[in-house]
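Q: Sharing model_14.pdb, PDB, N, CA and C atoms, pLDDT in the B column:
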```
ATOM      1  N   MET A 132    -222.811 -96.406-189.856  1.00 55.00           N
ATOM      2  CA  MET A 132    -221.652 -96.900-190.554  1.00 55.00           C
ATOM      3  C   MET A 132    -220.481 -95.955-190.320  1.00 55.00           C
ATOM      4  N   GLY A 133    -219.342 -96.494-189.911  1.00 75.00           N
ATOM      5  CA  GLY A 133    -218.178 -95.677-189.645  1.00 75.00           C
ATOM      6  C   GLY A 133    -217.335 -95.471-190.879  1.00 75.00           C
ATOM      7  N   GLN A 134    -216.560 -94.437-190.815  1.00 85.00           N
ATOM      8  CA  GLN A 134    -215.684 -94.122-191.943  1.00 85.00           C
ATOM      9  C   GLN A 134    -214.303 -94.708-191.694  1.00 85.00           C
ATOM     10  N   VAL A 135    -213.690 -95.198-192.744  1.00 91.00           N
ATOM     11  CA  VAL A 135    -212.383 -95.827-192.682  1.00 91.00           C
ATOM     12  C   VAL A 135    -211.491 -95.145-193.706  1.00 91.00           C
ATOM     13  N   PHE A 136    -210.242 -94.941-193.334  1.00 94.00           N
ATOM     14  CA  PHE A 136    -209.268 -94.333-194.240  1.00 94.00           C
ATOM     15  C   PHE A 136    -208.335 -95.422-194.743  1.00 94.00           C
ATOM     16  N   GLU A 137    -208.042 -95.388-196.038  1.00 93.00           N
ATOM     17  CA  GLU A 137    -207.200 -96.414-196.646  1.00 93.00           C
ATOM     18  C   GLU A 137    -206.057 -95.773-197.421  1.00 93.00           C
ATOM     19  N   ILE A 138    -205.008 -96.557-197.598  1.00 95.00           N
ATOM     20  CA  ILE A 138    -203.902 -96.186-198.470  1.00 95.00           C
ATOM     21  C   ILE A 138    -203.849 -97.250-199.565  1.00 95.00           C
ATOM     22  N   HIS A 139    -203.984 -96.804-200.809  1.00 95.00           N
ATOM     23  CA  HIS A 139    -203.960 -97.714-201.953  1.00 95.00           C
ATOM     24  C   HIS A 139    -202.652 -97.538-202.710  1.00 95.00           C
ATOM     25  N   LYS A 140    -202.173 -98.622-203.282  1.00 96.00           N
ATOM     26  CA  LYS A 140    -200.974 -98.557-204.117  1.00 96.00           C
ATOM     27  C   LYS A 140    -201.383 -98.717-205.575  1.00 96.00           C
ATOM     28  N   TYR A 141    -200.838 -97.845-206.404  1.00 96.00           N
ATOM     29  CA  TYR A 141    -201.112 -97.857-207.837  1.00 96.00           C
ATOM     30  C   TYR A 141    -199.812 -97.936-208.616  1.00 96.00           C
ATOM     31  N   LYS A 142    -199.901 -98.533-209.796  1.00 96.00           N
ATOM     32  CA  LYS A 142    -198.822 -98.474-210.784  1.00 96.00           C
ATOM     33  C   LYS A 142    -199.457 -97.854-212.011  1.00 96.00           C
ATOM     34  N   GLY A 143    -199.154 -96.585-212.228  1.00 95.00           N
ATOM     35  CA  GLY A 143    -199.839 -95.823-213.266  1.00 95.00           C
ATOM     36  C   GLY A 143    -201.287 -95.642-212.836  1.00 95.00           C
ATOM     37  N   ASP A 144    -202.212 -96.014-213.693  1.00 93.00           N
ATOM     38  CA  ASP A 144    -203.634 -95.916-213.357  1.00 93.00           C
ATOM     39  C   ASP A 144    -204.201 -97.238-212.852  1.00 93.00           C
ATOM     40  N   VAL A 145    -203.339 -98.233-212.676  1.00 94.00           N
ATOM     41  CA  VAL A 145    -203.791 -99.567-212.283  1.00 94.00           C
ATOM     42  C   VAL A 145    -203.690 -99.737-210.767  1.00 94.00           C
ATOM     43  N   PHE A 146    -204.826-100.026-210.141  1.00 93.00           N
ATOM     44  CA  PHE A 146    -204.856-100.293-208.702  1.00 93.00           C
ATOM     45  C   PHE A 146    -204.179-101.633-208.445  1.00 93.00           C
ATOM     46  N   LEU A 147    -203.241-101.657-207.450  1.00 94.00           N
ATOM     47  CA  LEU A 147    -202.562-102.905-207.113  1.00 94.00           C
ATOM     48  C   LEU A 147    -203.177-103.565-205.876  1.00 94.00           C
ATOM     49  N   TYR A 148    -203.203-102.826-204.758  1.00 92.00           N
ATOM     50  CA  TYR A 148    -203.762-103.385-203.529  1.00 92.00           C
ATOM     51  C   TYR A 148    -203.918-102.316-202.458  1.00 92.00           C
ATOM     52  N   VAL A 149    -204.638-102.680-201.395  1.00 91.00           N
ATOM     53  CA  VAL A 149    -204.795-101.799-200.236  1.00 91.00           C
ATOM     54  C   VAL A 149    -203.593-102.043-199.327  1.00 91.00           C
ATOM     55  N   VAL A 150    -202.817-101.001-199.080  1.00 94.00           N
ATOM     56  CA  VAL A 150    -201.629-101.100-198.247  1.00 94.00           C
ATOM     57  C   VAL A 150    -202.011-101.067-196.771  1.00 94.00           C
ATOM     58  N   ALA A 151    -202.939-100.167-196.429  1.00 92.00           N
ATOM     59  CA  ALA A 151    -203.337-100.006-195.027  1.00 92.00           C
ATOM     60  C   ALA A 151    -204.779 -99.536-194.961  1.00 92.00           C
ATOM     61  N   ARG A 152    -205.419 -99.872-193.835  1.00 90.00           N
ATOM     62  CA  ARG A 152    -206.810 -99.474-193.605  1.00 90.00           C
ATOM     63  C   ARG A 152    -206.953 -99.220-192.110  1.00 90.00           C
ATOM     64  N   THR A 153    -207.534 -98.074-191.745  1.00 91.00           N
ATOM     65  CA  THR A 153    -207.676 -97.754-190.325  1.00 91.00           C
ATOM     66  C   THR A 153    -208.914 -96.910-190.063  1.00 91.00           C
ATOM     67  N   ASN A 154    -209.442 -97.057-188.882  1.00 88.00           N
ATOM     68  CA  ASN A 154    -210.474 -96.147-188.397  1.00 88.00           C
ATOM     69  C   ASN A 154    -210.028 -95.556-187.065  1.00 88.00           C
ATOM     70  N   LYS A 155    -208.756 -95.751-186.737  1.00 92.00           N
ATOM     71  CA  LYS A 155    -208.207 -95.299-185.463  1.00 92.00           C
ATOM     72  C   LYS A 155    -207.405 -94.005-185.560  1.00 92.00           C
ATOM     73  N   HIS A 156    -207.120 -93.557-186.784  1.00 93.00           N
ATOM     74  CA  HIS A 156    -206.357 -92.319-186.979  1.00 93.00           C
ATOM     75  C   HIS A 156    -207.197 -91.330-187.772  1.00 93.00           C
ATOM     76  N   SER A 157    -206.812 -90.062-187.682  1.00 92.00           N
ATOM     77  CA  SER A 157    -207.551 -89.009-188.383  1.00 92.00           C
ATOM     78  C   SER A 157    -207.223 -89.012-189.877  1.00 92.00           C
ATOM     79  N   GLU A 158    -208.072 -88.364-190.635  1.00 94.00           N
ATOM     80  CA  GLU A 158    -207.856 -88.226-192.072  1.00 94.00           C
ATOM     81  C   GLU A 158    -206.531 -87.524-192.352  1.00 94.00           C
ATOM     82  N   ASP A 159    -206.246 -86.463-191.614  1.00 96.00           N
ATOM     83  CA  ASP A 159    -204.993 -85.728-191.813  1.00 96.00           C
ATOM     84  C   ASP A 159    -203.776 -86.601-191.531  1.00 96.00           C
ATOM     85  N   TYR A 160    -203.867 -87.440-190.506  1.00 96.00           N
ATOM     86  CA  TYR A 160    -202.762 -88.336-190.143  1.00 96.00           C
ATOM     87  C   TYR A 160    -202.471 -89.298-191.304  1.00 96.00           C
ATOM     88  N   VAL A 161    -203.524 -89.900-191.852  1.00 96.00           N
ATOM     89  CA  VAL A 161    -203.358 -90.867-192.940  1.00 96.00           C
ATOM     90  C   VAL A 161    -202.855 -90.168-194.201  1.00 96.00           C
ATOM     91  N   LYS A 162    -203.380 -88.991-194.501  1.00 97.00           N
ATOM     92  CA  LYS A 162    -202.907 -88.234-195.665  1.00 97.00           C
ATOM     93  C   LYS A 162    -201.432 -87.890-195.522  1.00 97.00           C
ATOM     94  N   SER A 163    -201.014 -87.582-194.306  1.00 97.00           N
ATOM     95  CA  SER A 163    -199.603 -87.305-194.036  1.00 97.00           C
ATOM     96  C   SER A 163    -198.755 -88.551-194.299  1.00 97.00           C
ATOM     97  N   ASP A 164    -199.261 -89.721-193.893  1.00 97.00           N
ATOM     98  CA  ASP A 164    -198.549 -90.973-194.159  1.00 97.00           C
ATOM     99  C   ASP A 164    -198.417 -91.225-195.654  1.00 97.00           C
ATOM    100  N   VAL A 165    -199.466 -90.947-196.408  1.00 98.00           N
ATOM    101  CA  VAL A 165    -199.437 -91.131-197.867  1.00 98.00           C
ATOM    102  C   VAL A 165    -198.348 -90.243-198.461  1.00 98.00           C
ATOM    103  N   GLU A 166    -198.286 -89.014-198.022  1.00 98.00           N
ATOM    104  CA  GLU A 166    -197.263 -88.088-198.528  1.00 98.00           C
ATOM    105  C   GLU A 166    -195.860 -88.602-198.205  1.00 98.00           C
ATOM    106  N   LYS A 167    -195.662 -89.072-196.975  1.00 98.00           N
ATOM    107  CA  LYS A 167    -194.353 -89.615-196.574  1.00 98.00           C
ATOM    108  C   LYS A 167    -193.982 -90.827-197.417  1.00 98.00           C
ATOM    109  N   MET A 168    -194.955 -91.713-197.621  1.00 97.00           N
ATOM    110  CA  MET A 168    -194.692 -92.930-198.402  1.00 97.00           C
ATOM    111  C   MET A 168    -194.331 -92.587-199.841  1.00 97.00           C
ATOM    112  N   ASN A 169    -195.017 -91.618-200.437  1.00 98.00           N
ATOM    113  CA  ASN A 169    -194.692 -91.206-201.807  1.00 98.00           C
ATOM    114  C   ASN A 169    -193.310 -90.577-201.878  1.00 98.00           C
ATOM    115  N   ASN A 170    -192.917 -89.849-200.836  1.00 98.00           N
ATOM    116  CA  ASN A 170    -191.586 -89.240-200.810  1.00 98.00           C
ATOM    117  C   ASN A 170    -190.482 -90.274-200.654  1.00 98.00           C
ATOM    118  N   MET A 171    -190.811 -91.448-200.124  1.00 97.00           N
ATOM    119  CA  MET A 171    -189.818 -92.510-199.917  1.00 97.00           C
ATOM    120  C   MET A 171    -189.595 -93.370-201.163  1.00 97.00           C
ATOM    121  N   LEU A 172    -190.446 -93.223-202.171  1.00 97.00           N
ATOM    122  CA  LEU A 172    -190.289 -94.008-203.388  1.00 97.00           C
ATOM    123  C   LEU A 172    -189.000 -93.625-204.114  1.00 97.00           C
ATOM    124  N   SER A 173    -188.312 -94.614-204.629  1.00 97.00           N
ATOM    125  CA  SER A 173    -187.081 -94.354-205.374  1.00 97.00           C
ATOM    126  C   SER A 173    -187.438 -93.725-206.724  1.00 97.00           C
ATOM    127  N   PRO A 174    -186.485 -93.040-207.339  1.00 97.00           N
ATOM    128  CA  PRO A 174    -186.740 -92.456-208.667  1.00 97.00           C
ATOM    129  C   PRO A 174    -187.169 -93.522-209.689  1.00 97.00           C
ATOM    130  N   GLU A 175    -186.616 -94.728-209.574  1.00 97.00           N
ATOM    131  CA  GLU A 175    -186.980 -95.806-210.492  1.00 97.00           C
ATOM    132  C   GLU A 175    -188.446 -96.192-210.317  1.00 97.00           C
ATOM    133  N   MET A 176    -188.892 -96.286-209.065  1.00 97.00           N
ATOM    134  CA  MET A 176    -190.281 -96.648-208.793  1.00 97.00           C
ATOM    135  C   MET A 176    -191.227 -95.554-209.287  1.00 97.00           C
ATOM    136  N   LYS A 177    -190.822 -94.307-209.079  1.00 96.00           N
ATOM    137  CA  LYS A 177    -191.642 -93.194-209.564  1.00 96.00           C
ATOM    138  C   LYS A 177    -191.729 -93.222-211.086  1.00 96.00           C
ATOM    139  N   ALA A 178    -190.608 -93.554-211.748  1.00 97.00           N
ATOM    140  CA  ALA A 178    -190.584 -93.625-213.209  1.00 97.00           C
ATOM    141  C   ALA A 178    -191.509 -94.733-213.721  1.00 97.00           C
ATOM    142  N   GLU A 179    -191.690 -95.788-212.929  1.00 96.00           N
ATOM    143  CA  GLU A 179    -192.596 -96.877-213.296  1.00 96.00           C
ATOM    144  C   GLU A 179    -194.056 -96.520-213.025  1.00 96.00           C
ATOM    145  N   GLY A 180    -194.269 -95.364-212.384  1.00 97.00           N
ATOM    146  CA  GLY A 180    -195.632 -94.927-212.103  1.00 97.00           C
ATOM    147  C   GLY A 180    -196.164 -95.364-210.752  1.00 97.00           C
ATOM    148  N   MET A 181    -195.300 -95.906-209.883  1.00 97.00           N
ATOM    149  CA  MET A 181    -195.736 -96.325-208.548  1.00 97.00           C
ATOM    150  C   MET A 181    -196.115 -95.104-207.726  1.00 97.00           C
ATOM    151  N   ARG A 182    -197.222 -95.227-206.996  1.00 97.00           N
ATOM    152  CA  ARG A 182    -197.639 -94.142-206.112  1.00 97.00           C
ATOM    153  C   ARG A 182    -198.638 -94.673-205.101  1.00 97.00           C
ATOM    154  N   TYR A 183    -198.756 -93.957-204.007  1.00 98.00           N
ATOM    155  CA  TYR A 183    -199.719 -94.274-202.953  1.00 98.00           C
ATOM    156  C   TYR A 183    -200.807 -93.208-202.968  1.00 98.00           C
ATOM    157  N   VAL A 184    -202.045 -93.628-202.718  1.00 97.00           N
ATOM    158  CA  VAL A 184    -203.188 -92.734-202.809  1.00 97.00           C
ATOM    159  C   VAL A 184    -204.065 -92.893-201.575  1.00 97.00           C
ATOM    160  N   PHE A 185    -204.523 -91.779-201.036  1.00 97.00           N
ATOM    161  CA  PHE A 185    -205.469 -91.774-199.921  1.00 97.00           C
ATOM    162  C   PHE A 185    -206.852 -92.136-200.462  1.00 97.00           C
ATOM    163  N   ALA A 186    -207.588 -92.970-199.722  1.00 94.00           N
ATOM    164  CA  ALA A 186    -208.936 -93.354-200.150  1.00 94.00           C
ATOM    165  C   ALA A 186    -209.842 -93.515-198.934  1.00 94.00           C
ATOM    166  N   LEU A 187    -211.134 -93.345-199.152  1.00 90.00           N
ATOM    167  CA  LEU A 187    -212.123 -93.549-198.100  1.00 90.00           C
ATOM    168  C   LEU A 187    -212.752 -94.925-198.251  1.00 90.00           C
ATOM    169  N   GLY A 188    -213.031 -95.535-197.119  1.00 77.00           N
ATOM    170  CA  GLY A 188    -213.732 -96.809-197.112  1.00 77.00           C
ATOM    171  C   GLY A 188    -214.807 -96.757-196.041  1.00 77.00           C
ATOM    172  N   THR A 189    -215.428 -97.890-195.784  1.00 70.00           N
ATOM    173  CA  THR A 189    -216.435 -97.974-194.725  1.00 70.00           C
ATOM    174  C   THR A 189    -216.121 -99.161-193.837  1.00 70.00           C
ATOM    175  N   VAL A 190    -216.721 -99.178-192.657  1.00 66.00           N
ATOM    176  CA  VAL A 190    -216.525-100.298-191.746  1.00 66.00           C
ATOM    177  C   VAL A 190    -217.028-101.575-192.400  1.00 66.00           C
ATOM    178  N   ASP A 191    -218.087-101.484-193.199  1.00 68.00           N
ATOM    179  CA  ASP A 191    -218.598-102.656-193.920  1.00 68.00           C
ATOM    180  C   ASP A 191    -217.525-103.251-194.820  1.00 68.00           C
ATOM    181  N   THR A 192    -216.700-102.396-195.422  1.00 59.00           N
ATOM    182  CA  THR A 192    -215.617-102.862-196.276  1.00 59.00           C
ATOM    183  C   THR A 192    -214.648-103.714-195.472  1.00 59.00           C
ATOM    184  N   ILE A 193    -214.300-103.273-194.279  1.00 58.00           N
ATOM    185  CA  ILE A 193    -213.379-104.018-193.419  1.00 58.00           C
ATOM    186  C   ILE A 193    -213.984-105.376-193.067  1.00 58.00           C
ATOM    187  N   ALA A 194    -215.237-105.392-192.667  1.00 61.00           N
ATOM    188  CA  ALA A 194    -215.891-106.640-192.278  1.00 61.00           C
ATOM    189  C   ALA A 194    -215.962-107.603-193.459  1.00 61.00           C
ATOM    190  N   ARG A 195    -216.293-107.104-194.632  1.00 66.00           N
ATOM    191  CA  ARG A 195    -216.382-107.948-195.828  1.00 66.00           C
ATOM    192  C   ARG A 195    -215.020-108.529-196.176  1.00 66.00           C
ATOM    193  N   LYS A 196    -213.987-107.688-196.156  1.00 64.00           N
ATOM    194  CA  LYS A 196    -212.644-108.160-196.487  1.00 64.00           C
ATOM    195  C   LYS A 196    -212.159-109.188-195.477  1.00 64.00           C
ATOM    196  N   ALA A 197    -212.433-108.961-194.199  1.00 62.00           N
ATOM    197  CA  ALA A 197    -212.025-109.913-193.164  1.00 62.00           C
ATOM    198  C   ALA A 197    -212.718-111.252-193.382  1.00 62.00           C
ATOM    199  N   GLY A 198    -213.986-111.222-193.733  1.00 66.00           N
ATOM    200  CA  GLY A 198    -214.722-112.448-194.017  1.00 66.00           C
ATOM    201  C   GLY A 198    -214.159-113.183-195.218  1.00 66.00           C
ATOM    202  N   GLU A 199    -213.804-112.439-196.260  1.00 71.00           N
ATOM    203  CA  GLU A 199    -213.224-113.053-197.457  1.00 71.00           C
ATOM    204  C   GLU A 199    -211.889-113.702-197.137  1.00 71.00           C
ATOM    205  N   ARG A 200    -211.056-113.021-196.330  1.00 65.00           N
ATOM    206  CA  ARG A 200    -209.758-113.585-195.952  1.00 65.00           C
ATOM    207  C   ARG A 200    -209.942-114.859-195.134  1.00 65.00           C
ATOM    208  N   ALA A 201    -210.891-114.847-194.203  1.00 70.00           N
ATOM    209  CA  ALA A 201    -211.132-116.016-193.360  1.00 70.00           C
ATOM    210  C   ALA A 201    -211.613-117.201-194.204  1.00 70.00           C
ATOM    211  N   ARG A 202    -212.510-116.954-195.141  1.00 73.00           N
ATOM    212  CA  ARG A 202    -212.987-118.036-196.013  1.00 73.00           C
ATOM    213  C   ARG A 202    -211.855-118.580-196.879  1.00 73.00           C
ATOM    214  N   LYS A 203    -211.040-117.688-197.417  1.00 71.00           N
ATOM    215  CA  LYS A 203    -209.932-118.102-198.272  1.00 71.00           C
ATOM    216  C   LYS A 203    -208.921-118.923-197.469  1.00 71.00           C
ATOM    217  N   LYS A 204    -208.604-118.458-196.270  1.00 70.00           N
ATOM    218  CA  LYS A 204    -207.657-119.170-195.419  1.00 70.00           C
ATOM    219  C   LYS A 204    -208.207-120.545-195.045  1.00 70.00           C
ATOM    220  N   GLY A 205    -209.483-120.613-194.685  1.00 72.00           N
ATOM    221  CA  GLY A 205    -210.107-121.883-194.336  1.00 72.00           C
ATOM    222  C   GLY A 205    -210.080-122.859-195.499  1.00 72.00           C
ATOM    223  N   LYS A 206    -210.337-122.362-196.694  1.00 72.00           N
ATOM    224  CA  LYS A 206    -210.326-123.199-197.891  1.00 72.00           C
ATOM    225  C   LYS A 206    -208.919-123.721-198.166  1.00 72.00           C
ATOM    226  N   GLN A 207    -207.903-122.855-198.015  1.00 70.00           N
ATOM    227  CA  GLN A 207    -206.526-123.272-198.251  1.00 70.00           C
ATOM    228  C   GLN A 207    -206.098-124.312-197.228  1.00 70.00           C
ATOM    229  N   GLU A 208    -206.468-124.123-195.962  1.00 68.00           N
ATOM    230  CA  GLU A 208    -206.112-125.086-194.934  1.00 68.00           C
ATOM    231  C   GLU A 208    -206.803-126.418-195.195  1.00 68.00           C
ATOM    232  N   GLU A 209    -208.027-126.368-195.670  1.00 70.00           N
ATOM    233  CA  GLU A 209    -208.772-127.585-195.977  1.00 70.00           C
ATOM    234  C   GLU A 209    -208.102-128.339-197.128  1.00 70.00           C
ATOM    235  N   GLU A 210    -207.665-127.609-198.147  1.00 72.00           N
ATOM    236  CA  GLU A 210    -207.010-128.235-199.303  1.00 72.00           C
ATOM    237  C   GLU A 210    -205.662-128.828-198.929  1.00 72.00           C
ATOM    238  N   ASN A 211    -204.974-128.231-197.946  1.00 70.00           N
ATOM    239  CA  ASN A 211    -203.650-128.698-197.542  1.00 70.00           C
ATOM    240  C   ASN A 211    -203.706-129.746-196.438  1.00 70.00           C
ATOM    241  N   SER A 212    -204.884-130.068-195.985  1.00 59.00           N
ATOM    242  CA  SER A 212    -205.062-131.046-194.919  1.00 59.00           C
ATOM    243  C   SER A 212    -204.643-132.430-195.401  1.00 59.00           C
ATOM    244  N   PRO A 213    -203.952-133.210-194.543  1.00 63.00           N
ATOM    245  CA  PRO A 213    -203.557-134.577-194.925  1.00 63.00           C
ATOM    246  C   PRO A 213    -204.769-135.437-195.271  1.00 63.00           C
ATOM    247  N   LEU A 214    -205.912-135.170-194.648  1.00 58.00           N
ATOM    248  CA  LEU A 214    -207.126-135.944-194.907  1.00 58.00           C
ATOM    249  C   LEU A 214    -207.670-135.665-196.304  1.00 58.00           C
ATOM    250  N   ALA A 215    -207.412-134.468-196.807  1.00 55.00           N
ATOM    251  CA  ALA A 215    -207.907-134.100-198.125  1.00 55.00           C
ATOM    252  C   ALA A 215    -207.171-134.852-199.224  1.00 55.00           C
ATOM    253  N   ASN A 216    -205.950-135.293-198.933  1.00 52.00           N
ATOM    254  CA  ASN A 216    -205.140-135.989-199.923  1.00 52.00           C
ATOM    255  C   ASN A 216    -205.268-137.494-199.833  1.00 52.00           C
ATOM    256  N   SER A 217    -206.161-138.000-198.993  1.00 51.00           N
ATOM    257  CA  SER A 217    -206.326-139.454-198.810  1.00 51.00           C
ATOM    258  C   SER A 217    -207.137-140.054-199.926  1.00 51.00           C
TER     259      SER A 217
END
```
Can you turn what I pasted into structure tokens?
A:
Amino acid sequence: MGQVFEIHKYKGDVFLYVVARTNKHSEDYVKSDVEKMNNMLSPEMKAEGMRYVFALGTVDTIARKAGERARKKGKQEEENSPLANS
């Protein structure tokens, strides 16, 4: 199982979403990106508790998420199909 580096977005202690996920860059590279992204936040966003956090994931996580996205997209396309509304 390979290791994956992620950048998560938080508002206070509440996880919002995964901003980025990679297995092509080093841990230091991704941590540097997190620092840059946090430095780019406006004072208002910082006051609201917005922040980016470095996180570890696995290749299995990527495969699972990709599968979930594909199923969700397929379901949405099926629901929006002209045949579905007949």
Q: Expand the PyMOL selection byres ((chain A and resi 139-147) around 6.5) into the explicit residue set it covers here, and present it as a list in words.
A: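 Output from the PyMOL selection byres ((chain A and resi 139-147) around 6.5), applied to this file: Glu137, Ile138, Tyr148, Val149, Val150, Ala151, Glu179, Gly180, Met181, Arg182, Tyr183, Val184, Phe185 and Ala186 of chain A.
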Q: Okay, now the selection with N, CA and C atoms, as a PDB file, in the frame of the given file?
A:
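Contents of selection-v7.pdb, as written:
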```
ATOM      1  N   GLU A 137    -208.042 -95.388-196.038  1.00 93.00           N
ATOM      2  CA  GLU A 137    -207.200 -96.414-196.646  1.00 93.00           C
ATOM      3  C   GLU A 137    -206.057 -95.773-197.421  1.00 93.00           C
ATOM      4  N   ILE A 138    -205.008 -96.557-197.598  1.00 95.00           N
ATOM      5  CA  ILE A 138    -203.902 -96.186-198.470  1.00 95.00           C
ATOM      6  C   ILE A 138    -203.849 -97.250-199.565  1.00 95.00           C
ATOM      7  N   TYR A 148    -203.203-102.826-204.758  1.00 92.00           N
ATOM      8  CA  TYR A 148    -203.762-103.385-203.529  1.00 92.00           C
ATOM      9  C   TYR A 148    -203.918-102.316-202.458  1.00 92.00           C
ATOM     10  N   VAL A 149    -204.638-102.680-201.395  1.00 91.00           N
ATOM     11  CA  VAL A 149    -204.795-101.799-200.236  1.00 91.00           C
ATOM     12  C   VAL A 149    -203.593-102.043-199.327  1.00 91.00           C
ATOM     13  N   VAL A 150    -202.817-101.001-199.080  1.00 94.00           N
ATOM     14  CA  VAL A 150    -201.629-101.100-198.247  1.00 94.00           C
ATOM     15  C   VAL A 150    -202.011-101.067-196.771  1.00 94.00           C
ATOM     16  N   ALA A 151    -202.939-100.167-196.429  1.00 92.00           N
ATOM     17  CA  ALA A 151    -203.337-100.006-195.027  1.00 92.00           C
ATOM     18  C   ALA A 151    -204.779 -99.536-194.961  1.00 92.00           C
ATOM     19  N   GLU A 179    -191.690 -95.788-212.929  1.00 96.00           N
ATOM     20  CA  GLU A 179    -192.596 -96.877-213.296  1.00 96.00           C
ATOM     21  C   GLU A 179    -194.056 -96.520-213.025  1.00 96.00           C
ATOM     22  N   GLY A 180    -194.269 -95.364-212.384  1.00 97.00           N
ATOM     23  CA  GLY A 180    -195.632 -94.927-212.103  1.00 97.00           C
ATOM     24  C   GLY A 180    -196.164 -95.364-210.752  1.00 97.00           C
ATOM     25  N   MET A 181    -195.300 -95.906-209.883  1.00 97.00           N
ATOM     26  CA  MET A 181    -195.736 -96.325-208.548  1.00 97.00           C
ATOM     27  C   MET A 181    -196.115 -95.104-207.726  1.00 97.00           C
ATOM     28  N   ARG A 182    -197.222 -95.227-206.996  1.00 97.00           N
ATOM     29  CA  ARG A 182    -197.639 -94.142-206.112  1.00 97.00           C
ATOM     30  C   ARG A 182    -198.638 -94.673-205.101  1.00 97.00           C
ATOM     31  N   TYR A 183    -198.756 -93.957-204.007  1.00 98.00           N
ATOM     32  CA  TYR A 183    -199.719 -94.274-202.953  1.00 98.00           C
ATOM     33  C   TYR A 183    -200.807 -93.208-202.968  1.00 98.00           C
ATOM     34  N   VAL A 184    -202.045 -93.628-202.718  1.00 97.00           N
ATOM     35  CA  VAL A 184    -203.188 -92.734-202.809  1.00 97.00           C
ATOM     36  C   VAL A 184    -204.065 -92.893-201.575  1.00 97.00           C
ATOM     37  N   PHE A 185    -204.523 -91.779-201.036  1.00 97.00           N
ATOM     38  CA  PHE A 185    -205.469 -91.774-199.921  1.00 97.00           C
ATOM     39  C   PHE A 185    -206.852 -92.136-200.462  1.00 97.00           C
ATOM     40  N   ALA A 186    -207.588 -92.970-199.722  1.00 94.00           N
ATOM     41  CA  ALA A 186    -208.936 -93.354-200.150  1.00 94.00           C
ATOM     42  C   ALA A 186    -209.842 -93.515-198.934  1.00 94.00           C
TER      43      ALA A 186
END
```
Q: Work out how far atom CA of A:Gly188 is from atom CA of A:Lys155, in Å to one decimal.
A: 13.0 Å
Q: In Å, rounded to a single decimal, give me how far atom N of A:Gln134 is from atom N of A:Glu166.
A: 20.4 Å
Q: To one decimal in Å, tell me the separation between atom C of A:Asn154 and atom C of A:Lys203.
A: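 Rounded to one decimal, the two atoms are 25.6 Å apart.
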Q: Would you please extract all alpha helix (DSSP H) residues from stretch 149-197 of chain A, as assigned by DSSP on the backbone, and give them as a list in words?
A: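 Filtering stretch 149-197 of chain A to alpha helix (DSSP H) leaves Glu158, Asp159, Tyr160, Val161, Lys162, Ser163, Asp164, Val165, Glu166, Lys167, Met168, Asn169, Asn170, Met171, Pro174, Glu175, Met176, Lys177, Ala178, Val190, Asp191, Thr192, Ile193, Ala194, Arg195, Lys196 and Ala197 of chain A.
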Q: Counting all atoms listed in the file, which of A:Asn169, A:Lys177, A:Thr189, A:Phe136 gets nearest to A:Ser157?
A: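 Comparing A:Asn169, A:Lys177, A:Thr189, A:Phe136 against A:Ser157, the winner is A:Phe136.
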